[in-house]
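Q: Got a structure for you, questions after.
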Amino acid sequence: MKLARRLWPGIKYSNMALYKTRKLNVQTPPGLHHHRALYDCYITAALLIDIMNTSGWTAEQMADITGRPSLMTTFTFGKYRGKAVSDVAERDPGYLRWLFNNLDSMSPELRLTLKHYLENT
């Protein structure tokens, strides 16, 4: 998901959404269908190959990207759940400051995102 977000911002990032958006042609064994773990493996493998071909990234670069925290695009909690972080940063930067100063624990992604927007507003 991190790789796809970096390559194609602003789309849906579930396996099936990426599969459909990228119009991938995936050949699966007969009888294998959606909602099966092995089917998901085929889709994921095809997506990784597509990402490598599109980006030119090596496997090592992809591992490095996925191992780092990345900016969140939307809030997944709180009063701004589902809202774009960039919109909240513009309209209510005080909320971002409050989160940064008052949350006892936060994910590396949230910490990076809050720092990014607080330093750039």
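Chain lettering (A, B, ...) mirrors the order of the structure tokens, residue numbering begins at 1 for each chain separately, and ligand numbering begins at 1 in order of display.
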Give me the residues near Trp8 of chain A as a list in words, where near means some atom within 10 Å (using only C-alpha atoms) and where sequence neighbours in that chain fewer than 6 positions away do not count.

A: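 Using only C-alpha atoms, the neighbours found are Lys2, Leu18 and Ile51 of chain A.
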
Q: So that I can check the surroundings of Ala89 of chain A, please list as a compact mmCIF listing (two decimals) with C-alpha atoms, in the first residue's frame every protein, DNA and RNA residue that reaches within 10 Å of it, counting only C-alpha atoms and ignoring chain neighbours fewer than 3 positions away.

A:
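Result file follows (around-v5.txt):
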```
# COMPACT_ATOMS: atom_id res chain seq x y z
CA ALA A 84 -7.90 14.82 4.46
CA VAL A 85 -5.10 15.77 6.83
CA SER A 86 -4.12 18.63 4.50
CA ASP A 92 -7.91 23.71 12.13
CA PRO A 93 -4.14 23.66 12.74
CA GLY A 94 -4.86 23.90 16.46
CA TYR A 95 -6.28 20.38 16.34
CA LEU A 96 -2.99 19.09 14.94
CA ARG A 97 -1.04 20.91 17.68
CA LEU A 114 1.73 15.96 12.42
CA TYR A 117 1.99 19.82 8.71
CA LEU A 118 2.88 21.73 11.88
CA ASN A 120 4.66 23.79 7.11
CA THR A 121 1.64 25.81 8.33
```

Q: Could you pull out the residues in segment 1-104 of chain A that DSSP calls alpha helix (DSSP H) from the backbone, as a PyMOL selection string?

A: chain A and resi 2-7+15-21+37-55+59-67+85-91+93-102

Q: Per residue of segment 39-89 of chain A within 12 Å of segment 28-34 of chain A, note the shortest atom pair and the distance in Å to one decimal, counting only C-alpha atoms, and order the rows by chain and increasing residue number, as CSV.

A:
```
residue,atom,partner,partner_atom,distance
A:Tyr39,CA,A:His33,CA,6.2
A:Asp40,CA,A:His34,CA,7.5
A:Cys41,CA,A:Thr28,CA,10.0
A:Tyr42,CA,A:Thr28,CA,7.0
A:Ile43,CA,A:Thr28,CA,9.1
A:Ala45,CA,A:Thr28,CA,11.5
A:Ala46,CA,A:Thr28,CA,10.9
```
